[in-house]
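Trainee: Following this line is start_6.pdb, made up of PDB, C-alpha atoms, pLDDT in the B column:
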```pdb
ATOM      1  CA  MET R  14      -0.725 -19.585  19.297  1.00 33.00           C
ATOM      2  CA  ARG R  15      -1.831 -18.863  15.762  1.00 42.00           C
ATOM      3  CA  LYS R  16      -1.339 -15.261  14.686  1.00 45.00           C
ATOM      4  CA  HIS R  17      -4.881 -14.778  13.403  1.00 64.00           C
ATOM      5  CA  PHE R  18      -6.280 -15.571  16.872  1.00 73.00           C
ATOM      6  CA  LYS R  19      -3.923 -13.247  18.743  1.00 77.00           C
ATOM      7  CA  GLY R  20      -6.097 -10.972  20.870  1.00 85.00           C
ATOM      8  CA  PHE R  21      -9.228 -13.041  20.195  1.00 91.00           C
ATOM      9  CA  TRP R  22      -9.822 -14.145  23.807  1.00 93.00           C
ATOM     10  CA  LEU R  23     -10.328 -12.128  26.974  1.00 91.00           C
ATOM     11  CA  PRO R  24      -7.729 -13.089  29.587  1.00 88.00           C
ATOM     12  CA  CYS R  25     -10.500 -14.342  31.906  1.00 81.00           C
ATOM     13  CA  ASP R  26     -10.422 -18.111  32.360  1.00 81.00           C
ATOM     14  CA  GLN R  27     -13.874 -18.487  33.901  1.00 81.00           C
ATOM     15  CA  TYR R  28     -15.144 -20.657  31.024  1.00 86.00           C
ATOM     16  CA  THR R  29     -11.831 -22.130  29.901  1.00 88.00           C
ATOM     17  CA  ASN R  30     -11.015 -25.792  30.403  1.00 89.00           C
ATOM     18  CA  PRO R  31      -7.399 -25.776  31.649  1.00 89.00           C
ATOM     19  CA  VAL R  32      -6.711 -28.989  29.710  1.00 91.00           C
ATOM     20  CA  SER R  33      -5.142 -28.217  26.320  1.00 93.00           C
ATOM     21  CA  VAL R  34      -6.980 -29.689  23.352  1.00 96.00           C
ATOM     22  CA  THR R  35      -5.338 -32.751  21.811  1.00 96.00           C
ATOM     23  CA  ASP R  36      -6.065 -34.666  18.620  1.00 96.00           C
ATOM     24  CA  GLU R  37      -7.298 -37.531  20.812  1.00 96.00           C
ATOM     25  CA  MET R  38      -9.791 -35.222  22.557  1.00 95.00           C
ATOM     26  CA  ILE R  39     -11.039 -34.037  19.169  1.00 97.00           C
ATOM     27  CA  ALA R  40     -11.506 -37.612  17.918  1.00 97.00           C
ATOM     28  CA  GLN R  41     -13.330 -38.590  21.124  1.00 96.00           C
ATOM     29  CA  ALA R  42     -15.611 -35.534  20.925  1.00 96.00           C
ATOM     30  CA  GLU R  43     -16.445 -36.222  17.274  1.00 96.00           C
ATOM     31  CA  GLN R  44     -17.272 -39.822  18.099  1.00 96.00           C
ATOM     32  CA  LYS R  45     -19.391 -38.857  21.111  1.00 94.00           C
ATOM     33  CA  LEU R  46     -21.252 -36.097  19.253  1.00 94.00           C
ATOM     34  CA  ASN R  47     -21.463 -38.045  15.984  1.00 94.00           C
ATOM     35  CA  PHE R  48     -20.503 -34.868  14.099  1.00 96.00           C
ATOM     36  CA  LYS R  49     -17.209 -33.800  12.514  1.00 97.00           C
ATOM     37  CA  LEU R  50     -15.926 -30.591  14.100  1.00 98.00           C
ATOM     38  CA  PRO R  51     -15.163 -27.674  11.774  1.00 97.00           C
ATOM     39  CA  ARG R  52     -11.434 -27.121  11.214  1.00 96.00           C
ATOM     40  CA  SER R  53     -11.804 -23.436  12.170  1.00 96.00           C
ATOM     41  CA  TYR R  54     -13.328 -24.433  15.522  1.00 97.00           C
ATOM     42  CA  ILE R  55     -10.479 -26.884  16.162  1.00 97.00           C
ATOM     43  CA  GLU R  56      -7.894 -24.199  15.341  1.00 96.00           C
ATOM     44  CA  LEU R  57      -9.629 -21.776  17.717  1.00 96.00           C
ATOM     45  CA  ILE R  58      -9.904 -24.116  20.702  1.00 95.00           C
ATOM     46  CA  LYS R  59      -6.305 -25.216  20.290  1.00 95.00           C
ATOM     47  CA  THR R  60      -5.364 -21.618  21.183  1.00 93.00           C
ATOM     48  CA  LYS R  61      -7.564 -21.688  24.311  1.00 94.00           C
ATOM     49  CA  ASN R  62      -9.997 -24.426  25.260  1.00 95.00           C
ATOM     50  CA  GLY R  63     -13.136 -22.317  25.381  1.00 94.00           C
ATOM     51  CA  GLY R  64     -13.693 -18.928  26.906  1.00 94.00           C
ATOM     52  CA  ILE R  65     -14.920 -15.410  26.354  1.00 95.00           C
ATOM     53  CA  PRO R  66     -14.009 -13.655  23.116  1.00 96.00           C
ATOM     54  CA  VAL R  67     -13.047  -9.974  23.130  1.00 95.00           C
ATOM     55  CA  ASN R  68     -15.678  -9.360  20.450  1.00 96.00           C
ATOM     56  CA  SER R  69     -18.888 -11.006  21.554  1.00 95.00           C
ATOM     57  CA  CYS R  70     -21.625  -9.601  19.316  1.00 96.00           C
ATOM     58  CA  PHE R  71     -22.656 -10.774  15.873  1.00 97.00           C
ATOM     59  CA  PRO R  72     -24.646  -8.471  13.564  1.00 96.00           C
ATOM     60  CA  THR R  73     -27.922  -9.729  12.091  1.00 95.00           C
ATOM     61  CA  THR R  74     -30.141  -8.438   9.334  1.00 92.00           C
ATOM     62  CA  VAL R  75     -33.289  -9.450  11.217  1.00 90.00           C
ATOM     63  CA  PRO R  76     -34.437  -8.808  14.780  1.00 87.00           C
ATOM     64  CA  THR R  77     -33.726 -11.540  17.329  1.00 84.00           C
ATOM     65  CA  SER R  78     -34.849 -12.075  20.904  1.00 82.00           C
ATOM     66  CA  TRP R  79     -31.679 -10.256  21.977  1.00 84.00           C
ATOM     67  CA  ALA R  80     -31.822  -7.111  19.828  1.00 86.00           C
ATOM     68  CA  LYS R  81     -33.111  -5.684  16.571  1.00 91.00           C
ATOM     69  CA  ASN R  82     -29.780  -6.016  14.761  1.00 93.00           C
ATOM     70  CA  HIS R  83     -27.441  -8.420  16.581  1.00 93.00           C
ATOM     71  CA  ILE R  84     -26.978 -11.248  19.036  1.00 95.00           C
ATOM     72  CA  ALA R  85     -24.542 -11.458  21.921  1.00 96.00           C
ATOM     73  CA  ILE R  86     -22.615 -14.477  23.140  1.00 96.00           C
ATOM     74  CA  GLU R  87     -21.369 -15.090  26.648  1.00 94.00           C
ATOM     75  CA  LYS R  88     -18.784 -17.733  25.813  1.00 95.00           C
ATOM     76  CA  ILE R  89     -17.563 -20.213  23.241  1.00 96.00           C
ATOM     77  CA  ARG R  90     -17.618 -23.751  24.565  1.00 95.00           C
ATOM     78  CA  GLY R  91     -14.446 -25.820  24.457  1.00 96.00           C
ATOM     79  CA  LEU R  92     -13.898 -29.575  24.798  1.00 96.00           C
ATOM     80  CA  GLY R  93     -14.037 -31.691  27.927  1.00 92.00           C
ATOM     81  CA  GLY R  94     -14.803 -30.671  31.458  1.00 87.00           C
ATOM     82  CA  GLU R  95     -18.219 -29.800  32.808  1.00 86.00           C
ATOM     83  CA  GLU R  96     -19.081 -27.220  30.133  1.00 87.00           C
ATOM     84  CA  GLY R  97     -17.530 -28.661  26.969  1.00 92.00           C
ATOM     85  CA  ILE R  98     -19.549 -29.353  23.842  1.00 94.00           C
ATOM     86  CA  ASP R  99     -19.019 -33.058  24.499  1.00 92.00           C
ATOM     87  CA  SER R 100     -20.229 -33.031  28.122  1.00 90.00           C
ATOM     88  CA  GLU R 101     -23.159 -35.398  28.684  1.00 87.00           C
ATOM     89  CA  ASP R 102     -24.586 -33.036  31.324  1.00 85.00           C
ATOM     90  CA  VAL R 103     -24.465 -30.051  28.977  1.00 83.00           C
ATOM     91  CA  ARG R 104     -26.062 -31.993  26.116  1.00 83.00           C
ATOM     92  CA  SER R 105     -28.824 -33.165  28.455  1.00 86.00           C
ATOM     93  CA  ILE R 106     -29.485 -29.619  29.650  1.00 83.00           C
ATOM     94  CA  ASP R 107     -29.512 -28.322  26.057  1.00 84.00           C
ATOM     95  CA  GLU R 108     -32.051 -30.985  25.128  1.00 85.00           C
ATOM     96  CA  ASP R 109     -34.193 -30.205  28.196  1.00 86.00           C
ATOM     97  CA  TRP R 110     -34.240 -26.510  27.243  1.00 87.00           C
ATOM     98  CA  GLY R 111     -35.627 -27.475  23.840  1.00 86.00           C
ATOM     99  CA  TYR R 112     -32.623 -26.861  21.599  1.00 89.00           C
ATOM    100  CA  PRO R 113     -32.908 -28.862  18.367  1.00 91.00           C
ATOM    101  CA  ILE R 114     -29.844 -31.039  19.067  1.00 88.00           C
ATOM    102  CA  HIS R 115     -30.801 -33.319  16.179  1.00 91.00           C
ATOM    103  CA  LEU R 116     -29.434 -30.479  13.972  1.00 94.00           C
ATOM    104  CA  GLY R 117     -26.064 -30.298  15.737  1.00 95.00           C
ATOM    105  CA  PHE R 118     -24.932 -28.866  19.049  1.00 94.00           C
ATOM    106  CA  VAL R 119     -24.687 -25.640  21.021  1.00 94.00           C
ATOM    107  CA  ILE R 120     -21.308 -23.980  20.461  1.00 96.00           C
ATOM    108  CA  CYS R 121     -21.880 -20.620  22.204  1.00 95.00           C
ATOM    109  CA  ASP R 122     -23.964 -19.708  25.194  1.00 92.00           C
ATOM    110  CA  CYS R 123     -25.780 -16.393  25.178  1.00 92.00           C
ATOM    111  CA  PRO R 124     -26.270 -14.107  28.202  1.00 91.00           C
ATOM    112  CA  SER R 125     -30.025 -14.809  28.385  1.00 83.00           C
ATOM    113  CA  ALA R 126     -29.779 -17.559  31.030  1.00 74.00           C
ATOM    114  CA  GLY R 127     -30.564 -20.393  28.615  1.00 71.00           C
ATOM    115  CA  HIS R 128     -33.331 -18.942  26.463  1.00 87.00           C
ATOM    116  CA  ASP R 129     -31.160 -18.649  23.373  1.00 92.00           C
ATOM    117  CA  ALA R 130     -27.852 -20.000  22.113  1.00 94.00           C
ATOM    118  CA  VAL R 131     -25.674 -20.333  19.034  1.00 96.00           C
ATOM    119  CA  MET R 132     -25.508 -23.778  17.428  1.00 96.00           C
ATOM    120  CA  LEU R 133     -23.677 -25.537  14.646  1.00 97.00           C
ATOM    121  CA  ASP R 134     -26.340 -26.775  12.215  1.00 97.00           C
ATOM    122  CA  TYR R 135     -25.469 -29.857  10.138  1.00 97.00           C
ATOM    123  CA  SER R 136     -28.946 -30.256   8.604  1.00 96.00           C
ATOM    124  CA  GLN R 137     -27.855 -29.154   5.117  1.00 96.00           C
ATOM    125  CA  CYS R 138     -24.306 -30.551   4.994  1.00 96.00           C
ATOM    126  CA  GLY R 139     -24.568 -33.881   6.798  1.00 95.00           C
ATOM    127  CA  ARG R 140     -22.624 -35.049   9.849  1.00 94.00           C
ATOM    128  CA  ASN R 141     -19.247 -34.770   8.107  1.00 95.00           C
ATOM    129  CA  GLY R 142     -19.792 -31.487   6.272  1.00 95.00           C
ATOM    130  CA  GLU R 143     -19.171 -27.848   7.107  1.00 97.00           C
ATOM    131  CA  PRO R 144     -22.084 -26.738   9.319  1.00 98.00           C
ATOM    132  CA  ARG R 145     -23.691 -23.361   9.181  1.00 98.00           C
ATOM    133  CA  VAL R 146     -24.063 -21.296  12.368  1.00 98.00           C
ATOM    134  CA  ILE R 147     -27.528 -20.516  13.695  1.00 97.00           C
ATOM    135  CA  HIS R 148     -29.026 -18.574  16.586  1.00 96.00           C
ATOM    136  CA  VAL R 149     -31.781 -20.529  18.317  1.00 95.00           C
ATOM    137  CA  ASP R 150     -34.358 -18.927  20.594  1.00 93.00           C
ATOM    138  CA  VAL R 151     -36.209 -21.483  22.719  1.00 91.00           C
ATOM    139  CA  GLU R 152     -38.508 -19.117  24.588  1.00 83.00           C
ATOM    140  CA  ASN R 153     -41.252 -21.243  23.024  1.00 75.00           C
ATOM    141  CA  PRO R 154     -39.607 -24.718  23.132  1.00 66.00           C
ATOM    142  CA  ASP R 155     -42.382 -26.230  20.985  1.00 75.00           C
ATOM    143  CA  GLN R 156     -41.345 -23.938  18.126  1.00 85.00           C
ATOM    144  CA  PRO R 157     -37.757 -22.707  18.485  1.00 89.00           C
ATOM    145  CA  LYS R 158     -37.013 -19.636  16.374  1.00 92.00           C
ATOM    146  CA  ILE R 159     -33.955 -20.207  14.191  1.00 94.00           C
ATOM    147  CA  THR R 160     -31.953 -17.395  12.597  1.00 95.00           C
ATOM    148  CA  VAL R 161     -29.112 -18.282  10.239  1.00 96.00           C
ATOM    149  CA  LEU R 162     -26.032 -16.275  11.242  1.00 97.00           C
ATOM    150  CA  SER R 163     -23.337 -17.495   8.852  1.00 97.00           C
ATOM    151  CA  LYS R 164     -22.487 -20.139   6.284  1.00 98.00           C
ATOM    152  CA  ASP R 165     -19.760 -21.632   8.533  1.00 97.00           C
ATOM    153  CA  PHE R 166     -17.923 -21.234  11.841  1.00 97.00           C
ATOM    154  CA  LYS R 167     -14.965 -19.382  10.345  1.00 96.00           C
ATOM    155  CA  THR R 168     -17.285 -16.721   8.939  1.00 96.00           C
ATOM    156  CA  PHE R 169     -19.020 -16.520  12.311  1.00 97.00           C
ATOM    157  CA  ILE R 170     -15.857 -15.937  14.369  1.00 96.00           C
ATOM    158  CA  ASN R 171     -14.505 -13.500  11.773  1.00 95.00           C
ATOM    159  CA  GLY R 172     -17.831 -11.615  11.937  1.00 96.00           C
ATOM    160  CA  LEU R 173     -17.851 -11.110  15.706  1.00 96.00           C
ATOM    161  CA  VAL R 174     -17.673  -7.427  16.625  1.00 96.00           C
ATOM    162  CA  ASN R 175     -17.289  -5.500  19.834  1.00 94.00           C
ATOM    163  CA  CYS R 176     -20.638  -4.952  21.522  1.00 90.00           C
ATOM    164  CA  GLN R 177     -19.830  -1.245  21.910  1.00 89.00           C
ATOM    165  CA  GLU R 178     -20.768  -0.905  18.237  1.00 87.00           C
ATOM    166  CA  PHE R 179     -24.396  -1.445  19.255  1.00 85.00           C
ATOM    167  CA  GLU R 180     -24.544   0.905  22.229  1.00 77.00           C
ATOM    168  CA  ASP R 181     -26.790   3.925  21.723  1.00 63.00           C
TER     169      ASP R 181
END
```
Spit out the file's structure as structure tokens when you get a sec.
Mentor:
Amino acid sequence: MRKHFKGFWLPCDQYTNPVSVTDEMIAQAEQKLNFKLPRSYIELIKTKNGGIPVNSCFPTTVPTSWAKNHIAIEKIRGLGGEEGIDSEDVRSIDEDWGYPIHLGFVICDCPSAGHDAVMLDYSQCGRNGEPRVIHVDVENPDQPKITVLSKDFKTFINGLVNCQEFED
């Protein structure tokens, strides 16, 4: 386990694929998704293949559908299995919900039962670049509301804070 991810994950394995991530899995996922995965995401899922982070809130400077100053995530998706970023079923569900999957793919589910999620957005960097991280609210699927969270995935995971910081 990499030192900088020590203590990152909750011990719960509810959303963790028990299969350890391999370079072959990464190559297959990139081919299936037609997007290059960020190195920081690969480093993270090699420590645990998806799951619930200890710090699961991300501060925002604008109100979102979740709160006036932050979003919350329920889990970070790993590779493979029924809930991985490369699962055909998950991609189909994301598309049905109205997520703009032409931009990239959902990387984190939010606790709103499908009405919002966190995505990697490749629209500005191309399929092989370093995607920014966006929050997408699909309450109105004809016009999803997009909020830019961070310039890249590393900044996003480093910016996660404990949700207790937002309790009144």
Trainee: Between R:Asn47, R:Lys88, R:Pro24, R:Val34, single out the one closest to R:Phe118, counting all atoms listed in the file.
Mentor: R:Asn47
Trainee: With stretch 163-172 of chain R as the partner and 7 Å as the cut-off, tabulate the residues of stretch 56-152 of chain R that qualify, each row holding the nearest pair of atoms and their distance in Å to one decimal, using only C-alpha atoms, sorted by chain and rising number, as a tab-separated table.
Mentor:
```
residue	atom	partner	partner_atom	distance
R:Phe71	CA	R:Gly172	CA	6.3
R:Glu143	CA	R:Asp165	CA	6.4
R:Pro144	CA	R:Asp165	CA	5.7
R:Arg145	CA	R:Asp165	CA	4.3
R:Val146	CA	R:Ser163	CA	5.2
```
Trainee: How would the residues just chosen look if you wrote them out with C-alpha atoms as a JSON list (two decimals), in the coordinates of the input?
Mentor:
```json
[["chain", "number", "residue", "atom", "x", "y", "z"],
["R", 71, "PHE", "CA", -22.66, -10.77, 15.87],
["R", 143, "GLU", "CA", -19.17, -27.85, 7.11],
["R", 144, "PRO", "CA", -22.08, -26.74, 9.32],
["R", 145, "ARG", "CA", -23.69, -23.36, 9.18],
["R", 146, "VAL", "CA", -24.06, -21.30, 12.37]]
```
Trainee: Quote the spacing between atom CA of R:Phe21 and atom CA of R:Gly91 in Å to one decimal place.
Mentor: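 Atom CA of R:Gly91 lies 14.4 Å from atom CA of R:Phe21.
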Trainee: Compile the contact shell of R:Asn175 as an mmCIF file with C-alpha atoms, in the frame of the given file: residues with an atom at most 8 Å away, counting only C-alpha atoms, same-chain residues fewer than 6 positions apart removed.
Mentor:
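File around.cif, as written:
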```
data_model
loop_
_atom_site.group_PDB
_atom_site.id
_atom_site.type_symbol
_atom_site.label_atom_id
_atom_site.label_comp_id
_atom_site.auth_asym_id
_atom_site.auth_seq_id
_atom_site.Cartn_x
_atom_site.Cartn_y
_atom_site.Cartn_z
ATOM 1 C CA VAL R 67 -13.047 -9.974 23.130
ATOM 2 C CA ASN R 68 -15.678 -9.360 20.450
ATOM 3 C CA SER R 69 -18.888 -11.006 21.554
ATOM 4 C CA CYS R 70 -21.625 -9.601 19.316
#
```
Trainee: Would you mind reading off the distance between atom CA of R:Asp99 and atom CA of R:Cys176, one decimal, in Å?
Mentor: 28.3 Å
Trainee: Please list as a VMD selection string every residue within 12 Å of R:Asn30, counting only C-alpha atoms and excluding residues in the same chain fewer than 3 positions away.
Mentor: chain R and resid 25 to 27 33 to 34 58 to 65 89 to 98 100
Trainee: Can you measure atom CA of R:Ile147 to atom CA of R:Thr160 for me? One decimal in Å is fine.
Mentor: 5.5 Å
